[in-house]
Structure formats: structure tokens, C-alpha cells
$ cat entry_13.cif   # mmCIF, C-alpha atoms
data_final
loop_
_atom_site.label_atom_id
_atom_site.label_comp_id
_atom_site.auth_asym_id
_atom_site.auth_seq_id
_atom_site.Cartn_x
_atom_site.Cartn_y
_atom_site.Cartn_z
CA MET M 9 -6.15 14.57 -53.74
CA ASN M 10 -6.74 17.01 -50.92
CA ARG M 11 -10.44 16.25 -51.09
CA THR M 12 -9.72 12.52 -50.78
CA ASN M 13 -7.38 13.03 -47.83
CA LYS M 14 -9.99 15.18 -46.08
CA VAL M 15 -12.65 12.50 -46.52
CA LEU M 16 -10.28 9.82 -45.20
CA ASP M 17 -9.44 12.04 -42.25
CA LEU M 18 -13.10 12.58 -41.40
CA SER M 19 -13.78 8.85 -41.77
CA PHE M 20 -10.94 8.10 -39.33
CA HIS M 21 -12.34 10.46 -36.73
CA HIS M 22 -15.86 9.06 -37.09
CA LEU M 23 -14.57 5.50 -36.85
CA ILE M 24 -12.35 6.01 -33.81
CA ARG M 25 -15.06 7.96 -31.98
CA GLY M 26 -17.59 5.25 -32.73
CA ILE M 27 -15.18 2.62 -31.39
CA ILE M 28 -14.66 4.67 -28.22
CA LEU M 29 -18.42 4.90 -27.61
CA ILE M 30 -18.79 1.16 -28.15
CA GLY M 31 -15.86 0.65 -25.77
CA PHE M 32 -17.64 2.60 -23.01
CA MET M 33 -20.81 0.63 -23.75
CA LEU M 34 -18.95 -2.68 -23.38
CA LEU M 35 -17.33 -1.48 -20.15
CA LEU M 36 -20.75 -0.66 -18.67
CA PHE M 37 -22.04 -4.01 -19.90
CA LYS M 38 -19.14 -5.78 -18.19
CA LEU M 39 -19.85 -3.97 -14.92
CA LEU M 40 -23.51 -4.98 -15.17
CA LEU M 41 -22.68 -8.64 -15.88
CA THR M 42 -20.24 -8.87 -12.97
CA ASN M 43 -22.51 -6.78 -10.70
CA ASN M 44 -19.51 -4.56 -9.95
CA ILE M 45 -21.70 -1.63 -10.93
CA SER M 46 -23.14 -1.86 -7.40
CA LEU M 47 -19.72 -0.78 -6.07
CA LEU M 48 -19.91 2.46 -8.05
CA ILE M 49 -23.51 3.71 -8.01
CA ALA M 50 -26.64 3.40 -5.91
CA PRO M 51 -29.27 0.92 -7.20
CA LYS M 52 -31.75 3.75 -7.83
CA MET M 53 -29.45 4.99 -10.61
CA MET M 54 -29.59 1.72 -12.57
CA SER M 55 -32.32 2.95 -14.95
CA PHE M 56 -29.96 5.73 -16.10
CA ILE M 57 -27.22 3.14 -16.74
CA TYR M 58 -29.51 1.09 -18.98
CA PHE M 59 -30.51 4.23 -20.87
CA THR M 60 -26.85 5.25 -21.27
CA LEU M 61 -26.01 1.75 -22.49
CA LEU M 62 -28.61 2.02 -25.25
CA VAL M 63 -27.56 5.56 -26.28
CA LEU M 64 -23.86 4.60 -26.45
CA LEU M 65 -24.69 1.58 -28.61
CA ILE M 66 -26.81 3.59 -31.06
CA LEU M 67 -24.41 6.53 -31.37
CA GLY M 68 -21.37 4.25 -31.57
CA MET M 69 -22.87 2.17 -34.36
CA LEU M 70 -23.94 5.27 -36.31
CA LEU M 71 -20.43 6.73 -36.14
CA ILE M 72 -18.82 3.43 -37.15
CA LEU M 73 -21.20 3.11 -40.11
CA ARG M 74 -20.46 6.69 -41.10
CA GLY M 75 -16.71 6.14 -40.76
CA THR M 76 -16.75 3.00 -42.94
CA SER M 77 -19.10 4.33 -45.63
CA ASN M 78 -17.95 5.70 -48.98
CA HIS M 79 -20.10 8.82 -48.83
CA ASN M 80 -18.21 12.06 -49.20
CA ASP M 81 -20.93 14.20 -47.66
CA SER M 82 -19.92 16.86 -45.16
CA TYR M 83 -22.26 18.38 -42.62
CA HIS M 84 -22.39 21.84 -41.13
CA CYS M 85 -24.28 22.97 -38.06
CA ASP M 86 -24.67 26.53 -39.40
CA CYS M 87 -23.69 27.96 -36.02
CA ASP M 88 -21.26 30.76 -35.24
CA GLY M 89 -17.65 29.69 -35.00
CA GLU M 90 -15.73 26.94 -36.72
CA HIS M 91 -15.60 23.31 -35.62
CA SER M 92 -12.54 21.38 -36.71
CA TYR M 93 -10.85 18.07 -35.95
CA PRO M 94 -7.29 17.93 -34.59
CA THR M 95 -4.80 18.24 -37.43
CA SER M 96 -1.59 16.80 -36.00
CA LYS M 97 -0.93 13.18 -35.06
CA PHE M 98 0.19 14.23 -31.56
CA LYS M 99 -3.05 16.10 -30.91
CA ASN M 100 -5.07 13.12 -32.17
CA LEU M 101 -3.12 10.71 -29.98
CA PHE M 102 -3.45 12.91 -26.90
CA LEU M 103 -7.15 13.62 -27.40
CA TYR M 104 -8.28 10.05 -28.00
CA SER M 105 -5.99 8.55 -25.35
CA LEU M 106 -7.94 10.56 -22.75
CA PHE M 107 -10.96 8.42 -23.63
CA ILE M 108 -9.25 5.14 -24.50
CA PHE M 109 -7.18 4.96 -21.29
CA PRO M 110 -10.22 4.74 -18.93
CA ILE M 111 -11.72 1.99 -21.09
CA ILE M 112 -8.52 -0.08 -21.01
CA THR M 113 -8.00 0.36 -17.26
CA GLY M 114 -11.67 -0.47 -16.66
CA PHE M 115 -11.19 -3.86 -18.32
CA LEU M 116 -7.74 -4.63 -16.92
CA PHE M 117 -8.11 -3.66 -13.26
CA SER M 118 -10.60 -4.88 -10.70
CA ASN M 119 -12.93 -2.58 -8.78
CA ASN M 120 -12.05 -1.85 -5.17
CA VAL M 121 -14.36 -1.14 -2.26
CA LEU M 122 -13.88 2.18 -0.49
CA ASP M 123 -11.86 1.67 2.69
CA SER M 124 -9.97 3.52 5.42
CA SER M 125 -7.54 5.07 2.94
CA VAL M 126 -10.50 7.04 1.58
CA ALA M 127 -12.14 7.53 4.97
CA MET M 128 -9.07 9.34 6.32
CA ASN M 129 -9.66 12.14 3.80
CA ARG M 130 -13.32 12.61 4.71
CA THR M 131 -15.20 13.70 7.80
CA ILE M 132 -16.32 10.78 9.93
CA LYS M 133 -19.92 11.08 11.10
CA LEU M 134 -19.67 9.45 14.51
CA GLY M 135 -23.32 8.68 15.20
CA ALA M 136 -24.97 11.32 13.01
CA ASP M 137 -24.23 14.57 11.19
CA SER M 138 -24.22 16.45 14.49
CA PRO M 139 -26.03 16.20 17.82
CA ASN M 140 -28.77 18.57 16.68
CA SER M 141 -29.01 17.54 13.05
CA ASN M 142 -32.08 16.07 11.44
CA GLN M 143 -31.88 13.38 8.82
CA THR M 144 -31.95 14.48 5.20
CA LYS M 145 -35.49 15.02 3.98
CA THR M 146 -36.88 14.22 0.57
CA VAL M 147 -39.92 16.16 -0.59
CA ASN M 148 -42.72 14.26 -2.28
CA THR M 149 -45.28 16.49 -4.03
CA ASN M 150 -47.58 13.58 -4.92
CA LYS M 151 -49.95 11.87 -2.52
CA ARG M 152 -48.62 8.58 -1.33
CA SER M 153 -50.57 5.36 -1.60
CA ASP M 154 -51.98 3.76 1.53
CA LYS M 155 -49.44 1.81 3.51
CA THR M 156 -49.33 -0.17 6.68
CA ASN M 157 -48.43 1.69 9.81
CA SER M 158 -45.55 -0.62 10.52
CA SER M 159 -42.14 0.82 9.75
CA LEU M 160 -40.88 -2.69 9.29
CA SER M 161 -43.07 -3.54 6.32
CA LYS M 162 -40.99 -1.56 3.84
CA THR M 163 -37.53 -1.23 5.30
CA ASN M 164 -36.75 -4.50 7.08
CA VAL M 165 -35.37 -6.59 4.25
CA SER M 166 -33.91 -9.98 5.07
CA ALA M 167 -30.12 -10.14 5.06
CA ASN M 168 -30.44 -13.42 3.21
CA ASN M 169 -32.23 -11.81 0.30
CA LYS M 170 -30.39 -12.77 -2.89
CA ASP M 171 -31.01 -9.32 -4.34
CA ALA M 172 -29.71 -7.48 -1.29
CA ALA M 173 -26.72 -6.16 -3.19
CA ASN M 174 -28.98 -4.72 -5.89
CA SER M 175 -31.72 -3.27 -3.70
CA GLN M 176 -32.02 0.10 -2.07
CA PRO M 177 -34.50 0.98 0.67
CA GLU M 178 -36.97 3.71 -0.13
CA PRO M 179 -37.12 6.89 1.98
CA LEU M 180 -38.91 6.54 5.29
CA SER M 181 -42.02 8.62 5.79
CA GLU M 182 -42.09 10.84 8.85
CA SER M 183 -44.57 8.50 10.52
CA GLU M 184 -42.35 5.50 9.81
CA TYR M 185 -39.30 7.33 11.12
CA ASN M 186 -41.16 8.25 14.32
CA ALA M 187 -42.37 4.65 14.70
CA LEU M 188 -38.80 3.41 14.33
CA LYS M 189 -37.63 5.95 16.89
CA GLU M 190 -40.32 4.88 19.37
CA ARG M 191 -39.43 1.22 18.90
CA LEU M 192 -35.73 1.88 19.51
CA LEU M 193 -36.42 3.95 22.62
CA LYS M 194 -38.44 1.06 24.10
CA ALA M 195 -35.99 -1.66 23.09
CA THR M 196 -33.23 -2.95 25.34
CA THR M 197 -31.21 -4.35 22.42
CA ILE M 198 -30.63 -2.65 19.07
CA ASN M 199 -29.43 -4.30 15.88
CA ILE M 200 -28.19 -1.72 13.39
CA SER M 201 -29.27 -3.30 10.11
CA ASP M 202 -27.91 -2.30 6.72
CA GLU M 203 -31.34 -1.23 5.44
CA GLN M 204 -31.96 1.17 8.34
CA TYR M 205 -28.35 2.02 9.15
CA VAL M 206 -28.43 5.79 8.66
CA PRO M 207 -31.79 6.49 10.38
CA ILE M 208 -30.86 4.27 13.34
CA MET M 209 -27.51 6.01 13.72
CA ASN M 210 -29.26 9.38 13.67
CA ILE M 211 -31.85 8.29 16.24
CA ILE M 212 -29.15 6.99 18.60
CA GLN M 213 -27.22 10.27 18.36
CA GLU M 214 -30.26 12.53 18.70
CA ASN M 215 -31.56 10.58 21.73
CA LEU M 216 -28.23 9.56 23.25
CA LYS M 217 -29.24 10.07 26.89
CA ASN M 218 -32.13 7.64 26.45
CA MET M 219 -29.89 5.11 24.69
CA LEU M 220 -27.25 4.80 27.40
CA GLY M 221 -26.90 1.24 28.71
CA LYS M 222 -28.72 -0.39 25.78
CA THR M 223 -27.05 -3.30 24.03
CA VAL M 224 -26.21 -2.59 20.39
CA THR M 225 -24.88 -4.75 17.56
CA THR M 226 -23.29 -3.25 14.48
CA LYS M 227 -20.90 -4.29 11.74
CA GLY M 228 -18.43 -2.46 9.55
CA PHE M 229 -14.76 -2.11 8.72
CA VAL M 230 -12.13 -1.10 11.25
CA TYR M 231 -10.98 2.50 11.01
CA ARG M 232 -8.65 4.44 13.29
CA GLU M 233 -7.83 8.12 13.54
CA ALA M 234 -4.28 9.13 14.37
CA LYS M 235 -5.22 10.39 17.86
CA PHE M 236 -7.11 7.25 18.88
CA ALA M 237 -5.89 5.19 21.83
CA GLN M 238 -4.94 1.56 21.14
CA ASP M 239 -8.24 0.32 22.56
CA GLN M 240 -10.35 2.59 20.29
CA ILE M 241 -11.65 2.05 16.78
CA VAL M 242 -14.52 3.19 14.61
CA VAL M 243 -16.80 0.50 13.21
CA ALA M 244 -17.36 2.36 9.95
CA ARG M 245 -19.55 2.18 6.83
CA PHE M 246 -19.69 4.27 3.69
CA GLY M 247 -23.11 5.80 3.11
CA VAL M 248 -23.99 6.42 -0.53
CA THR M 249 -26.69 8.70 -1.92
CA CYS M 250 -26.16 8.44 -5.70
CA CYS M 251 -22.63 7.14 -6.29
CA VAL M 252 -19.32 6.55 -4.52
CA ALA M 253 -18.21 10.09 -5.38
CA ASP M 254 -20.68 11.47 -2.79
CA ALA M 255 -20.05 8.72 -0.23
CA SER M 256 -19.98 9.82 3.41
CA VAL M 257 -18.37 7.87 6.24
CA TYR M 258 -20.66 6.83 9.08
CA GLY M 259 -19.61 4.92 12.13
CA MET M 260 -19.71 4.41 15.86
CA MET M 261 -16.68 4.54 18.09
CA ALA M 262 -15.96 1.34 20.01
CA LYS M 263 -13.66 0.68 22.96
CA GLY M 264 -12.24 -2.64 24.05
CA ASN M 265 -9.59 -5.23 23.26
CA VAL M 266 -9.06 -4.14 19.65
CA ALA M 267 -5.35 -3.30 19.48
CA ALA M 268 -4.57 -6.37 17.36
CA LEU M 269 -7.22 -5.62 14.75
CA SER M 270 -5.88 -4.33 11.45
CA GLU M 271 -7.57 -1.52 9.56
CA ASN M 272 -10.17 -2.41 6.93
CA LYS M 273 -10.89 -5.74 8.63
CA TRP M 274 -14.66 -6.32 8.74
CA VAL M 275 -16.02 -6.98 12.22
CA GLN M 276 -19.29 -7.40 14.06
CA VAL M 277 -19.37 -5.71 17.44
CA THR M 278 -21.81 -6.12 20.32
CA GLY M 279 -21.65 -3.95 23.42
CA THR M 280 -23.35 -1.34 25.57
CA ILE M 281 -23.92 2.24 24.48
CA GLN M 282 -22.10 4.85 26.53
CA GLN M 283 -21.13 8.43 25.75
CA THR M 284 -17.81 10.21 25.38
CA GLN M 285 -16.38 13.52 24.25
CA TYR M 286 -14.65 13.76 20.88
CA ASP M 287 -13.60 16.97 19.13
CA GLY M 288 -15.81 18.97 21.49
CA GLU M 289 -18.96 16.92 20.81
CA THR M 290 -20.77 14.29 22.83
CA ILE M 291 -20.96 11.09 20.80
CA PRO M 292 -21.99 7.48 21.47
CA ILE M 293 -19.33 4.87 22.12
CA ILE M 294 -19.72 1.11 22.34
CA HIS M 295 -18.12 -0.63 25.30
CA ILE M 296 -17.37 -3.90 23.59
CA LYS M 297 -18.71 -7.16 25.05
CA SER M 298 -17.94 -9.33 22.04
CA ILE M 299 -16.28 -8.79 18.68
CA SER M 300 -15.85 -11.18 15.76
CA LYS M 301 -14.27 -10.97 12.33
CA ILE M 302 -16.70 -11.34 9.44
CA ALA M 303 -16.54 -11.40 5.65
CA ALA M 304 -17.35 -8.18 3.84
CA PRO M 305 -21.02 -8.16 2.76
CA ARG M 306 -21.99 -8.38 -0.91
CA GLN M 307 -23.12 -4.76 -0.68
CA PRO M 308 -20.54 -3.03 1.53
CA TYR M 309 -22.27 0.35 1.37
CA VAL M 310 -25.35 1.64 3.14
CA PHE M 311 -27.73 4.19 1.64
CA ASP M 312 -28.70 7.59 3.01
CA VAL M 313 -32.22 7.71 1.60
CA GLY M 314 -33.56 10.44 3.90
CA ILE M 315 -37.07 11.06 5.18
CA GLN M 316 -39.93 11.62 2.79
CA VAL M 317 -42.12 14.59 3.67
CA GLU M 318 -45.79 13.75 3.25
#
$ encode --input "entry_13.cif" --output "C-alpha cells"
Amino acid sequence: MNRTNKVLDLSFHHLIRGIILIGFMLLLFKLLLTNNISLLIAPKMMSFIYFTLLVLLILGMLLILRGTSNHNDSYHCDCDGEHSYPTSKFKNLFLYSLFIFPIITGFLFSNNVLDSSVAMNRTIKLGADSPNSNQTKTVNTNKRSDKTNSSLSKTNVSANNKDAANSQPEPLSESEYNALKERLLKATTINISDEQYVPIMNIIQENLKNMLGKTVTTKGFVYREAKFAQDQIVVARFGVTCCVADASVYGMMAKGNVAALSENKWVQVTGTIQQTQYDGETIPIIHIKSISKIAAPRQPYVFDVGIQVE
């Protein structure tokens, strides 16, 4: 009798663990079908998601088959120490609820975009990391294939591209970054595109004296710090490297008739670049010429892809 109860107990644990793995697999599958996965991870991580999906399916099915089979075999890993399953109902309920609860909430609740409630707990990068910072660099140990000298050939992706929400720009080479910098220094108007958001913000900050008076257009959500005046906001974006857990807040301060704008409202701002002092640092500020409310883009995040060292 004890032997039978032990087998039933093991079968229960195998079955419930297999169901949990299948549950996580179905949750990932749902996120992929709805494209909500793009609100959680960077597109470059998608290959890992597909691999995880396959592994969860295989392991989940194996555990379910083992839990529903009539075999009484027991397995030992022959390692030091003893591995045992929880013995009490309370321990079982507590242990498995830790895994079941995220699955249930993942299906029941919608995914939210990071907004000012998250931004207020993180450091806002007003322009760039700091006046003397260089953009993050990615080392490439392999020789790169021949490319055109234009920095636009790889990074300027049309905003109307249907796959914009699922695409991620590749790191700029040093030559492409320098070409982009030279183009911005010569330009009288600057459009801060989503694909080049972080490098453009860094170039503006690092060369602020040469950017003064230029017309700039940017878009983002409205964010305010507690010590801002009524005519000041930050036009902010979340920059993602791998996933939303490492998201940083980028933005440019703007000044104008913005007192009536509510936080988290998406806007497009056009104005002239000036400079101001904030927290002991010299940062760019937009003197607003025009501002309009816009719908949030399909991909609300920008990507800090860095500079690839050749």
C-alpha cells in the first residue's frame, strides 16, 4: 500500500510539473501570437524565445507522459544529498502556486507599456549618459563584410515598415557613427528617428555648443519631475538593450505652453535647441515652436545598440 501511494505521489508531481511547463509554453505562444512579446524583450532575443518554447514543450510532454504512465520505476541521480518532493498538502500548494500564479495572471491581464510611473524611479538621461560619456561600444572580433559608406543604408528604416515593431537596428560601426555625427553637425534641422534615437541623443549632448539654434523634432511620452516648472516637460522614451528589466529612460527637456498636457500623453515636439543647467549639468532643452498629440507607436521603445568596434 505504501509503495502504491508513493508511486501515485510521484505521478502527481510529474503530472503537475508537466502541466506547469506546458502552461508557460502556452503563455509564451500567446505573447508571440499577439506580438505583445515586443513589449517585454528586444527583437534580438526572439531566437531564445523560440528555443525556450520548444524546450518547454518537450519537457512538459515528457513529464505528463511520465505522470500518466503505469510504470513504477524510480530514478536516482547518485549524487550526494537526498532529493525529495514536498510531503504536506500545504507545501505542495505553496510551491506550485508560485509557478501557477504567473501563468494565470499572464493570461488574464493585459501587458502595459512602461510609463512615467516607472520613469520616476529611474535616472532620466537628459540628452545622453553624461556630457563626456561615449556611447556603449560592442566589440566584434570577426571581420565585417563590405558595406556602403552611407550610415543611412543600414539604420534608416521607414516608419511605415510593417515589421517596425519587430525589428531592431544593428550596432553602428565607428565610421557610420562618425558619418551620422558629421551629417547632424551640418544639418539645420534634425529629426530624431526611432532607429537612431540613442546615437542622435548622444551626438546632440556631446556637441551641444554646435547644436544650439538648430531645429529638432522628437516624439515621446510626457514626463515631469517634481521640481519642474509648469512650462517644462521631458519628451521621454524607454531605451531597451535586452528586455524591459534593463530599460533606461532617455529624453530631452522641452519648454513651452505645456501646462495642460497630462503625463504619459504621447506628443511630437518641434523647436530650437538651446541649453540649460539641470542638477549641475549643462543639458539641451527644446524651446517649443509646435507640439501635437500623437498615438503611441506600435513599438514604444527605442534600442540602445551601441557602437561596433571594427
$ resolve_selection --input "entry_13.cif" --expression "the PyMOL selection byres ((chain M and resi 70) around 12)" --output "count of residues only"
22
$ atom_distance --input "entry_13.cif" --atom1 "CA of Thr197 in chain M" --atom2 "CA of Gly264 in chain M"
19.1 Å
$ resolve_selection --input "entry_13.cif" --expression "the PyMOL selection byres ((chain M and resi 57) around 12)" --output "list in words"
Phe32, Met33, Leu35, Leu36, Phe37, Leu39, Leu40, Ile45, Ser46, Leu48, Ile49, Ala50, Pro51, Lys52, Met53, Met54, Ser55, Phe56, Tyr58, Phe59, Thr60, Leu61, Leu62, Val63 and Leu64 of chain M
$ residues_around --input "entry_13.cif" --residues "Tyr205 in chain M" --least-positions-apart "5" --cutoff "9 Å" --atoms "all atoms listed in the file" --output "list in words"
Ile200, Asn210, Gly247, Val310, Phe311 and Asp312 of chain M
$ atom_distance --input "entry_13.cif" --atom1 "CA of Ile211 in chain M" --atom2 "CA of Ala237 in chain M"
26.7 Å
$ residues_around --input "entry_13.cif" --residues "Leu216 in chain M" --least-positions-apart "4" --cutoff "9 Å" --atoms "all atoms listed in the file" --output "PyMOL selection string"
chain M and resi 139+211-212+220+281-283+290-292
$ resolve_selection --input "entry_13.cif" --expression "the PyMOL selection byres ((chain M and resi 125) around 12)" --output "VMD selection string"
chain M and resid 120 to 124 126 to 130 229 to 233 257 271 to 272
$ atom_distance --input "entry_13.cif" --atom1 "CA of Ile208 in chain M" --atom2 "CA of Leu269 in chain M"
25.7 Å
$ closest_residue --input "entry_13.cif" --among "M:Ala187, M:Ala268, M:Ile294, M:Ile28" --to "Met219 in chain M" --atoms "only C-alpha atoms"
M:Ile294
$ residues_around --input "entry_13.cif" --residues "Lys189 in chain M" --least-positions-apart "3" --cutoff "9 Å" --atoms "all atoms listed in the file" --output "PyMOL selection string"
chain M and resi 184-186+192-194+207-208+211-212
$ residues_around --input "entry_13.cif" --residues "Val313 in chain M" --least-positions-apart "2" --cutoff "7 Å" --atoms "all atoms listed in the file" --output "PyMOL selection string"
chain M and resi 178-179+249+311+315
$ closest_residue --input "entry_13.cif" --among "M:Gln176, M:Ser19, M:Thr226, M:Ser300" --to "Val242 in chain M" --atoms "only C-alpha atoms"
M:Thr226
$ closest_residue --input "entry_13.cif" --among "M:Ser105, M:Ile293, M:Ser96, M:Gly288" --to "Val224 in chain M" --atoms "all atoms listed in the file"
M:Ile293
